[in-house]
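coords_35.cif follows; it contains mmCIF, C-alpha atoms.
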```
data_entry
loop_
_atom_site.label_atom_id
_atom_site.label_comp_id
_atom_site.auth_asym_id
_atom_site.auth_seq_id
_atom_site.Cartn_x
_atom_site.Cartn_y
_atom_site.Cartn_z
CA MET A 1 6.76 -6.35 17.48
CA ALA A 2 5.17 -3.69 19.66
CA CYS A 3 3.92 -0.59 17.90
CA SER A 4 4.14 2.59 19.90
CA ALA A 5 1.95 5.65 19.48
CA ALA A 6 2.83 9.32 19.39
CA VAL A 7 0.50 12.28 18.96
CA PRO A 8 -1.99 11.45 16.19
CA ASP A 9 -2.64 13.74 13.24
CA THR A 10 -5.76 14.23 11.16
CA THR A 11 -4.72 12.56 7.91
CA PRO A 12 -7.22 9.79 6.97
CA GLY A 13 -5.82 6.47 8.04
CA SER A 14 -2.89 8.11 9.76
CA GLY A 15 -1.88 8.03 13.36
CA PRO A 16 1.44 8.02 15.16
CA GLU A 17 4.01 9.26 12.73
CA ARG A 18 6.52 6.61 13.60
CA SER A 19 6.34 3.20 15.14
CA SER A 20 8.82 1.96 17.67
CA ALA A 21 8.38 -1.56 16.27
CA ALA A 22 11.49 -3.39 15.23
CA PRO A 23 12.90 -1.81 12.06
CA ALA A 24 12.11 -3.44 8.75
CA LEU A 25 14.28 -6.41 7.86
CA SER A 26 16.95 -5.58 5.33
CA TRP A 27 16.51 -7.25 1.97
CA THR A 28 19.02 -10.03 1.36
CA ARG A 29 19.77 -12.65 -1.24
CA ALA A 30 17.82 -15.13 0.88
CA ASP A 31 14.65 -13.10 0.29
CA SER A 32 15.26 -13.03 -3.45
CA ALA A 33 15.94 -16.77 -3.43
CA TRP A 34 12.67 -17.46 -1.61
CA LEU A 35 10.68 -15.31 -4.05
CA VAL A 36 12.23 -16.99 -7.07
CA GLY A 37 11.71 -20.42 -5.53
CA LEU A 38 8.07 -19.70 -4.72
CA CYS A 39 7.46 -18.44 -8.26
CA LEU A 40 9.04 -21.50 -9.85
CA ALA A 41 7.26 -23.94 -7.52
CA THR A 42 3.85 -22.34 -8.08
CA TYR A 43 4.17 -22.09 -11.85
CA ALA A 44 5.46 -25.66 -12.03
CA CYS A 45 2.43 -26.83 -10.06
CA TYR A 46 -0.17 -24.99 -12.14
CA LEU A 47 1.11 -24.48 -15.69
CA TRP A 48 -0.71 -27.65 -16.76
CA VAL A 49 -4.00 -25.72 -16.51
CA LEU A 50 -3.06 -23.67 -19.59
CA ARG A 51 -4.61 -26.37 -21.77
CA PHE A 52 -8.01 -26.02 -20.09
CA ASP A 53 -11.03 -24.45 -21.79
CA PHE A 54 -13.77 -22.09 -20.62
CA VAL A 55 -16.06 -23.89 -18.15
CA PHE A 56 -19.02 -23.15 -15.86
CA ASP A 57 -19.33 -19.39 -15.20
CA ASP A 58 -16.52 -18.61 -17.65
CA ARG A 59 -19.01 -18.77 -20.50
CA PRO A 60 -21.57 -16.19 -19.33
CA PHE A 61 -19.02 -13.86 -17.71
CA ILE A 62 -16.53 -13.90 -20.60
CA LEU A 63 -18.12 -15.26 -23.77
CA GLN A 64 -21.60 -13.77 -23.32
CA ASN A 65 -20.72 -10.53 -21.57
CA PRO A 66 -21.28 -7.49 -23.84
CA TRP A 67 -19.81 -5.19 -21.18
CA LEU A 68 -16.35 -6.57 -21.94
CA LEU A 69 -16.43 -5.36 -25.53
CA SER A 70 -15.90 -1.65 -24.88
CA TRP A 71 -14.54 0.73 -22.26
CA ARG A 72 -17.76 2.76 -22.50
CA PHE A 73 -19.46 0.21 -20.25
CA VAL A 74 -17.10 0.89 -17.32
CA PRO A 75 -19.51 3.31 -15.56
CA LYS A 76 -22.10 0.51 -15.46
CA PHE A 77 -19.66 -1.61 -13.44
CA PHE A 78 -20.08 0.82 -10.52
CA THR A 79 -23.83 1.36 -10.76
CA ALA A 80 -25.21 -2.15 -11.23
CA HIS A 81 -24.90 -5.61 -9.73
CA LEU A 82 -22.41 -8.18 -10.98
CA VAL A 83 -24.70 -10.06 -13.40
CA SER A 84 -26.71 -7.07 -14.56
CA PHE A 85 -25.38 -7.61 -18.08
CA LEU A 86 -27.37 -10.87 -18.16
CA HIS A 87 -30.29 -10.03 -15.87
CA PRO A 88 -30.69 -6.24 -15.90
CA HIS A 89 -34.05 -6.28 -14.15
CA SER A 90 -33.23 -8.83 -11.45
CA GLN A 91 -32.27 -8.13 -7.86
CA GLY A 92 -28.52 -8.57 -7.49
CA THR A 93 -26.50 -9.92 -4.57
CA TYR A 94 -22.93 -9.12 -5.58
CA TYR A 95 -21.32 -5.73 -6.17
CA ARG A 96 -17.90 -6.29 -7.74
CA PRO A 97 -16.93 -3.52 -10.17
CA GLY A 98 -13.25 -4.26 -9.59
CA LEU A 99 -13.75 -7.80 -10.86
CA LEU A 100 -15.59 -6.59 -13.95
CA LEU A 101 -12.82 -4.08 -14.64
CA TRP A 102 -10.23 -6.86 -14.39
CA LEU A 103 -12.27 -9.02 -16.80
CA LEU A 104 -12.45 -6.10 -19.25
CA VAL A 105 -8.67 -5.64 -19.17
CA GLN A 106 -8.12 -9.36 -19.68
CA ARG A 107 -10.60 -9.47 -22.57
CA ARG A 108 -8.72 -6.64 -24.26
CA LEU A 109 -5.42 -8.45 -23.72
CA TRP A 110 -6.33 -12.02 -24.59
CA GLY A 111 -9.59 -11.92 -26.50
CA LEU A 112 -10.97 -15.44 -26.28
CA ASN A 113 -7.56 -17.12 -26.03
CA THR A 114 -7.95 -19.53 -23.11
CA VAL A 115 -4.18 -19.89 -22.67
CA GLY A 116 -3.85 -16.20 -21.90
CA TRP A 117 -6.81 -16.21 -19.51
CA HIS A 118 -5.49 -19.21 -17.58
CA PHE A 119 -1.95 -17.83 -17.50
CA SER A 120 -3.29 -14.60 -16.05
CA THR A 121 -5.21 -16.44 -13.32
CA VAL A 122 -2.21 -18.59 -12.42
CA THR A 123 -0.04 -15.46 -12.28
CA LEU A 124 -2.51 -13.90 -9.84
CA HIS A 125 -2.03 -16.91 -7.57
CA VAL A 126 1.75 -16.57 -7.91
CA LEU A 127 1.60 -12.89 -6.96
CA ALA A 128 -0.74 -13.66 -4.06
CA THR A 129 1.81 -16.22 -2.86
CA LEU A 130 4.57 -13.62 -2.96
CA SER A 131 2.39 -11.20 -0.99
CA VAL A 132 1.83 -13.89 1.65
CA TYR A 133 5.62 -14.30 1.92
CA MET A 134 6.02 -10.54 2.39
CA LEU A 135 3.30 -10.42 5.06
CA ALA A 136 4.68 -13.42 6.95
CA ARG A 137 8.14 -11.84 6.75
CA GLU A 138 6.78 -8.68 8.40
CA ILE A 139 4.91 -10.56 11.14
CA LEU A 140 7.31 -13.43 11.90
CA ARG A 141 10.54 -11.47 11.31
CA ARG A 142 12.03 -14.71 9.99
CA ARG A 143 12.67 -15.47 6.35
CA PHE A 144 12.49 -19.24 6.72
CA GLY A 145 9.13 -19.12 8.45
CA ALA A 146 7.84 -16.70 5.80
CA GLY A 147 9.07 -19.02 3.07
CA ILE A 148 7.27 -22.01 4.57
CA ALA A 149 4.08 -19.95 4.91
CA GLY A 150 4.33 -18.91 1.27
CA LEU A 151 4.97 -22.49 0.18
CA ILE A 152 1.96 -23.81 2.08
CA PHE A 153 -0.23 -21.12 0.55
CA ALA A 154 1.12 -21.74 -2.95
CA LEU A 155 0.64 -25.50 -2.96
CA HIS A 156 -2.37 -25.98 -0.70
CA PRO A 157 -4.86 -28.18 -2.60
CA ALA A 158 -7.79 -25.98 -1.55
CA HIS A 159 -6.52 -23.32 -3.97
CA VAL A 160 -6.78 -25.56 -7.04
CA GLU A 161 -10.34 -24.44 -7.83
CA SER A 162 -9.62 -20.71 -7.78
CA THR A 163 -6.41 -21.15 -9.81
CA ALA A 164 -7.42 -23.75 -12.41
CA TRP A 165 -10.85 -22.21 -13.08
CA ILE A 166 -10.73 -18.82 -14.78
CA MET A 167 -13.74 -17.38 -12.92
CA GLY A 168 -12.18 -18.53 -9.67
CA LEU A 169 -9.91 -15.49 -10.08
CA PRO A 170 -11.78 -13.27 -7.57
CA ASP A 171 -10.11 -15.24 -4.76
CA PRO A 172 -6.44 -14.80 -5.79
CA LEU A 173 -7.08 -11.24 -6.98
CA MET A 174 -8.77 -10.24 -3.72
CA THR A 175 -6.09 -12.04 -1.69
CA LEU A 176 -3.31 -10.27 -3.56
CA LEU A 177 -4.90 -6.88 -2.95
CA ALA A 178 -5.92 -7.43 0.69
CA VAL A 179 -2.60 -8.93 1.77
CA SER A 180 -0.65 -6.27 -0.15
CA SER A 181 -2.70 -3.59 1.61
CA MET A 182 -1.74 -5.10 4.96
CA VAL A 183 1.93 -5.26 3.97
CA CYS A 184 1.87 -1.59 2.95
CA TYR A 185 0.21 -0.72 6.26
CA LEU A 186 2.95 -2.50 8.21
CA ARG A 187 5.61 -0.76 6.12
CA TRP A 188 4.01 2.57 6.99
CA ARG A 189 3.99 1.70 10.70
CA ARG A 190 7.73 1.17 10.51
CA SER A 191 8.46 4.33 8.54
CA SER A 192 7.78 8.05 8.67
CA GLY A 193 6.39 8.41 5.15
CA ARG A 194 2.64 8.50 4.52
CA VAL A 195 2.93 7.15 0.99
CA TRP A 196 2.66 3.59 2.30
CA ALA A 197 -0.55 4.53 4.16
CA MET A 198 -2.15 6.06 1.08
CA VAL A 199 -1.13 3.11 -1.09
CA SER A 200 -2.56 0.71 1.49
CA LEU A 201 -5.91 2.54 1.48
CA ALA A 202 -6.04 2.58 -2.33
CA ILE A 203 -5.28 -1.14 -2.56
CA TYR A 204 -7.89 -1.89 0.10
CA ALA A 205 -10.47 -0.03 -1.99
CA GLY A 206 -9.57 -2.26 -4.93
CA ALA A 207 -9.87 -5.36 -2.77
CA ILE A 208 -13.40 -4.64 -1.53
CA LEU A 209 -14.49 -3.81 -5.08
CA THR A 210 -13.29 -7.27 -6.10
CA LYS A 211 -14.81 -9.51 -3.43
CA GLU A 212 -16.78 -8.80 -0.27
CA VAL A 213 -14.62 -10.84 2.10
CA ALA A 214 -11.98 -8.09 1.94
CA LEU A 215 -14.30 -6.01 4.15
CA THR A 216 -12.78 -7.87 7.10
CA LEU A 217 -9.39 -6.17 6.58
CA PRO A 218 -10.08 -3.08 8.76
CA VAL A 219 -11.03 -5.39 11.63
CA ILE A 220 -7.85 -7.41 11.04
CA ILE A 221 -5.71 -4.24 11.10
CA PHE A 222 -7.54 -3.05 14.21
CA ALA A 223 -6.84 -6.44 15.83
CA TYR A 224 -3.17 -6.18 14.86
CA GLU A 225 -2.86 -2.84 16.63
CA TRP A 226 -4.68 -4.18 19.68
CA ILE A 227 -2.64 -7.39 19.90
CA PHE A 228 0.77 -5.83 19.30
CA ALA A 229 0.12 -2.54 21.11
CA PRO A 230 2.85 -1.46 23.56
CA GLY A 231 0.30 -1.41 26.37
CA ARG A 232 -0.87 -4.97 25.82
CA GLY A 233 -1.77 -6.52 29.15
CA VAL A 234 -2.33 -3.18 30.89
CA THR A 235 -5.61 -3.18 32.81
CA THR A 236 -5.30 0.03 34.83
CA GLY A 237 -4.75 3.68 34.08
CA GLY A 238 -7.01 3.62 31.01
CA GLY A 239 -4.85 1.00 29.29
CA HIS A 240 -7.64 -0.64 27.30
CA ALA A 241 -9.32 2.66 26.47
CA ARG A 242 -6.02 4.09 25.25
CA ARG A 243 -5.34 1.07 23.08
CA LEU A 244 -8.84 1.23 21.58
CA HIS A 245 -8.38 4.92 20.83
CA GLU A 246 -4.99 4.40 19.21
CA ALA A 247 -6.27 1.48 17.13
CA TRP A 248 -9.18 3.63 15.95
CA VAL A 249 -6.91 6.57 15.06
CA LEU A 250 -4.70 4.26 13.03
CA THR A 251 -7.53 2.57 11.14
CA TRP A 252 -10.26 5.16 10.68
CA GLY A 253 -9.23 5.75 7.07
CA TYR A 254 -10.16 2.14 6.30
CA TRP A 255 -13.55 2.57 7.97
CA LEU A 256 -14.12 5.69 5.86
CA VAL A 257 -13.31 3.80 2.65
CA THR A 258 -15.62 1.02 3.82
CA LEU A 259 -18.44 3.51 4.41
CA VAL A 260 -18.06 4.97 0.91
CA TYR A 261 -18.12 1.45 -0.52
CA LEU A 262 -21.28 0.52 1.41
CA VAL A 263 -23.05 3.64 0.16
CA ALA A 264 -22.12 2.79 -3.44
CA ARG A 265 -23.18 -0.82 -2.89
CA TRP A 266 -26.53 0.25 -1.47
CA ALA A 267 -27.15 2.53 -4.45
CA ALA A 268 -26.27 -0.21 -6.96
CA LEU A 269 -28.11 -3.11 -5.30
CA GLY A 270 -30.95 -1.30 -3.57
CA GLY A 271 -29.65 -2.61 -0.25
CA LEU A 272 -26.52 -4.12 1.24
CA SER A 273 -27.52 -7.70 0.45
CA HIS A 274 -30.43 -9.81 -0.71
CA ALA A 275 -31.03 -13.41 0.35
CA LEU A 276 -30.97 -15.86 -2.55
CA THR A 277 -32.96 -18.39 -0.52
CA PRO A 278 -34.97 -16.92 2.38
CA LEU A 279 -34.38 -19.05 5.49
CA ALA A 280 -35.92 -19.19 8.92
CA GLY A 281 -33.54 -17.96 11.61
CA ARG A 282 -33.58 -21.36 13.34
CA THR A 283 -32.61 -23.18 10.13
CA MET A 284 -29.85 -20.70 9.37
CA MET A 285 -28.27 -21.00 12.83
CA ALA A 286 -28.61 -24.79 12.81
CA THR A 287 -26.70 -24.86 9.49
CA TRP A 288 -23.82 -22.70 10.70
CA PRO A 289 -21.78 -25.51 12.35
CA ILE A 290 -21.69 -27.76 9.29
CA VAL A 291 -20.88 -24.82 7.00
CA LEU A 292 -17.95 -23.75 9.20
CA TRP A 293 -16.73 -27.31 9.67
CA SER A 294 -16.89 -28.00 5.92
CA HIS A 295 -14.53 -25.08 5.27
CA LEU A 296 -12.23 -25.95 8.15
CA LYS A 297 -11.94 -29.50 6.85
CA LEU A 298 -10.81 -28.19 3.47
CA LEU A 299 -8.00 -26.31 5.21
CA LEU A 300 -6.98 -29.13 7.55
CA TRP A 301 -7.62 -32.17 5.37
CA PRO A 302 -8.12 -31.09 1.74
CA ILE A 303 -9.59 -34.20 0.12
CA ARG A 304 -12.66 -34.72 -2.07
CA LEU A 305 -12.19 -31.32 -3.64
CA SER A 306 -14.86 -30.05 -5.98
CA ALA A 307 -15.77 -27.03 -8.07
CA PHE A 308 -18.92 -26.70 -5.98
CA TYR A 309 -19.68 -27.73 -2.40
CA ASP A 310 -23.33 -28.43 -1.75
CA VAL A 311 -23.96 -28.20 1.99
CA PRO A 312 -27.60 -29.10 2.78
CA TYR A 313 -29.54 -26.94 5.21
CA THR A 314 -29.90 -28.40 8.68
CA THR A 315 -33.59 -28.67 9.46
CA GLN A 316 -33.22 -31.23 12.27
CA LEU A 317 -30.55 -31.25 14.97
CA GLY A 318 -28.99 -34.62 14.25
CA TRP A 319 -25.57 -35.98 15.20
CA ALA A 320 -23.98 -35.83 11.74
CA SER A 321 -25.65 -32.61 10.66
CA PHE A 322 -25.28 -30.60 13.86
CA ALA A 323 -23.71 -32.14 16.97
CA VAL A 324 -20.49 -33.46 15.41
CA PRO A 325 -19.77 -30.35 13.32
CA LEU A 326 -20.53 -28.09 16.29
CA THR A 327 -18.18 -30.10 18.52
CA ALA A 328 -15.43 -29.99 15.89
CA VAL A 329 -15.77 -26.22 15.39
CA ILE A 330 -15.71 -25.59 19.16
CA ALA A 331 -12.64 -27.82 19.50
CA CYS A 332 -10.82 -25.89 16.76
CA GLY A 333 -11.84 -22.62 18.40
CA LEU A 334 -10.57 -23.73 21.81
CA LEU A 335 -7.29 -24.92 20.30
CA MET A 336 -6.84 -21.58 18.55
CA LEU A 337 -7.69 -19.76 21.79
CA TYR A 338 -5.08 -21.80 23.67
CA LEU A 339 -2.44 -20.98 21.05
CA ALA A 340 -3.50 -17.33 21.08
CA CYS A 341 -2.88 -17.16 24.82
CA LYS A 342 0.63 -18.49 24.24
CA SER A 343 1.60 -16.27 21.33
CA PRO A 344 0.40 -12.88 19.99
CA ARG A 345 1.31 -14.05 16.49
CA ALA A 346 -0.93 -17.08 16.90
CA ALA A 347 -3.73 -14.79 18.07
CA PHE A 348 -3.33 -12.63 14.97
CA ALA A 349 -3.22 -15.69 12.71
CA GLY A 350 -6.37 -17.05 14.33
CA ILE A 351 -8.24 -13.80 13.73
CA TRP A 352 -7.17 -13.73 10.07
CA LEU A 353 -8.27 -17.37 9.72
CA PHE A 354 -11.63 -17.26 11.46
CA LEU A 355 -12.86 -13.72 10.80
CA PRO A 356 -13.41 -14.14 7.03
CA MET A 357 -15.34 -17.32 7.79
CA ALA A 358 -17.88 -15.23 9.70
CA LEU A 359 -19.16 -14.00 6.32
CA LEU A 360 -20.16 -17.60 5.53
CA LEU A 361 -22.85 -17.32 8.19
CA ASN A 362 -24.90 -15.05 5.93
CA LEU A 363 -26.56 -17.99 4.18
#
```

Please go through the file and, once you have read it, give me the structure as structure tokens.
Amino acid sequence: MACSAAVPDTTPGSGPERSSAAPALSWTRADSAWLVGLCLATYACYLWVLRFDFVFDDRPFILQNPWLLSWRFVPKFFTAHLVSFLHPHSQGTYYRPGLLLWLLVQRRLWGLNTVGWHFSTVTLHVLATLSVYMLAREILRRRFGAGIAGLIFALHPAHVESTAWIMGLPDPLMTLLAVSSMVCYLRWRRSSGRVWAMVSLAIYAGAILTKEVALTLPVIIFAYEWIFAPGRGVTTGGGHARRLHEAWVLTWGYWLVTLVYLVARWAALGGLSHALTPLAGRTMMATWPIVLWSHLKLLLWPIRLSAFYDVPYTTQLGWASFAVPLTAVIACGLLMLYLACKSPRAAFAGIWLFLPMALLLNL
């Protein structure tokens, strides 16, 4: 799994022209069987949602959104905040033109037919599942392990909300784009063509325009290059410095795309972000453990699922509100650290798991 480096070039997002990583796995009937099986299992699990109606945010974003009635509103998607169509003079928090563009396409396809909208959202989850299989196949180099990873992702109860609720679609859409971008990047690292690199950058741009959590992808790619670098474990002769340089050369295109996005976001929102509820720093930090533990519990023990999760702010450092969640989060972190020391793949998985959660800390 090591990725070697040759002399870098100056193409954005490019680096060593070829990787000495193990060659890509040849496609076999087993791969096709896994993809078909994952599609059938996911559709079978979620097709019952086709009878659902518009609920919650579906109504304002779809039924009451004049921007979805004509293509002439597309430029507004990139120059205003997400709910500017409802509150044009308010201060926005979200910049998601990619999401609005997807909603426009769906409105043109389905009108107000709820069956079409739900089928589209379920299909996004199916495609995201297939992308997870492809990524796990690249990382694990084993089809069975990739299939199990895809199956867990497809049927995990925590994904019910974003699949059964139409306006939960930013999650599967962003996941599909971000994971596909990573798969394209890995394909480029195992080939000599730059097409995969350019496609990866383009898909990443679509991902960050859909949901902000995709901004973690450049760090994830950087971590991949650091973890699986050929000089991993070298502590002399500039080993760490060389690995940092090579990781930067290979990922700077993603940082450039990120910079362009942040400039556009700043212009549209009048800043990078605006707090919905201003909090004292002490209250915010005291609330972090229970917020992180609430999300970890949904991954580890997905019960009592809900469309909304109301986590109260921690104003006093009690056992249930602070000490227990903090202990649980530290325990999970130590377990992940132990596994990371045993396996580079576990280290990479841990970074992909915990890094997006860091965005939850911006309460």

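A straight line drawn from CA of Leu217 (chain A) to CA of Tyr133 (chain A) is 17.7 Å long.
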
Exercise for the section: Around the point (-17.6, -5.2, -14.5), in the coordinates given by the file, pick out the residues reaching within 12 Å, counting only C-alpha atoms, and return them as JSON, numbers by chain. Expected result: {"A": [61, 62, 65, 66, 67, 68, 69, 70, 71, 72, 73, 74, 75, 76, 77, 78, 79, 80, 81, 82, 83, 84, 85, 86, 94, 95, 96, 97, 98, 99, 100, 101, 102, 103, 104, 105, 106, 107, 209, 210]}

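Taking all atoms listed in the file, the non-local environment of Ile220 (chain A) within 9 Å (same-chain residues fewer than 6 positions away omitted) comprises Met182, Phe348, Ile351, Trp352 and Leu355 of chain A.
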
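Pairwise distance (CA of Thr251 (chain A), CA of Met174 (chain A)) equals 19.7 Å.
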
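When only C-alpha atoms are used to measure the gap to Ala146 (chain A), the shortest distance among A:Gln64, A:Tyr204, A:Thr163, A:Leu38 belongs to A:Leu38.
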
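Shell of Ile152 (chain A) at 10 Å, with all atoms listed in the file counted and residues fewer than 5 places along the chain excluded, is Thr129, Val132, Ala146, Gly147 and Pro157 of chain A.
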
Exercise for the section: Provide the CA of Phe308 (chain A) to CA of Thr121 (chain A) distance in Å, to one decimal place. Expected result: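 Separating CA of Phe308 (chain A) from CA of Thr121 (chain A) is a distance of 18.6 Å.
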
Practice task
Counting only C-alpha atoms, write as a ChimeraX atom specification all protein and nucleic acid residues lying at most 10 Å from (-6.0, -4.7, 18.6) in the file's frame.
Solution key: /A:219-229,232,240,243-244,246-248,348

Exercise for the section: Could you expand the PyMOL selection byres ((chain A and resi 39) around 10) into the explicit residues it covers here, written as number ranges by chain? Expected result: A: 33-38, 40-45, 123, 125-127, 129-130, 151, 154

Problem - Picked residues, the PyMOL selection byres ((chain A and resi 212) around 12), as a count of residues only - result: 37

Problem - Which of A:Glu161, A:His118, A:Trp48, A:Asp57 sits closest to Ala307 (chain A) [using only C-alpha atoms] - result: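 Using only C-alpha atoms, the shortest distance to Ala307 (chain A) belongs to A:Glu161.
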
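You can rank A:Leu269, A:Ile203, A:Val260, A:Leu326 by their closest distance to Trp293 (chain A) using only C-alpha atoms, and at the top of that list sits A:Leu326.
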
Practice task
Name the residues that the PyMOL selection byres ((chain A and resi 329) around 9) pulls out of this structure, and write them as a ChimeraX atom specification.
Solution key: /A:289-290,292-293,296,324-328,330-334

Problem - Nearest-residue call for Phe56 (chain A), choices A:Trp165, A:Phe119, A:Trp188, A:Tyr338, using only C-alpha atoms - result: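 Closest to Phe56 (chain A) of all the choices is A:Trp165.
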
Exercise for the section: Write out as JSON, numbers by chain which residues come within 10 Å of His156 (chain A) when counting all atoms listed in the file, dropping same-chain ones fewer than 4 positions away. Expected result: {"A": [150, 151, 152, 160, 298, 299, 300, 302]}

For C-alpha atoms, I'd like the residues from the last selection saved as a PDB file, keeping the file's coordinate frame.
```pdb
ATOM      1  CA  GLY A 150       4.330 -18.910   1.270  1.00  0.00           C
ATOM      2  CA  LEU A 151       4.970 -22.490   0.180  1.00  0.00           C
ATOM      3  CA  ILE A 152       1.960 -23.810   2.080  1.00  0.00           C
ATOM      4  CA  VAL A 160      -6.780 -25.560  -7.040  1.00  0.00           C
ATOM      5  CA  LEU A 298     -10.810 -28.190   3.470  1.00  0.00           C
ATOM      6  CA  LEU A 299      -8.000 -26.310   5.210  1.00  0.00           C
ATOM      7  CA  LEU A 300      -6.980 -29.130   7.550  1.00  0.00           C
ATOM      8  CA  PRO A 302      -8.120 -31.090   1.740  1.00  0.00           C
TER       9      PRO A 302
END
```

Exercise for the section: Might you pull out every residue within 10 Å of Ala275 (chain A), with all atoms listed in the file counted and same-chain residues fewer than 3 positions away left off, and present them as JSON, numbers by chain? Expected result: {"A": [91, 92, 93, 278, 279, 362, 363]}

Handout entry: Nearest to Asn113 (chain A) by atom-to-atom distance, counting only C-alpha atoms, from A:Met284, A:Ala346, A:Val263, A:Leu50
Key =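 Counting only C-alpha atoms, the residue closest to Asn113 (chain A) is A:Leu50.
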
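Each of A:Leu25, A:Ala241, A:Leu317, A:Leu201 was checked against Arg142 (chain A) using all atoms listed in the file; the smallest atom-to-atom distance is that of A:Leu25.
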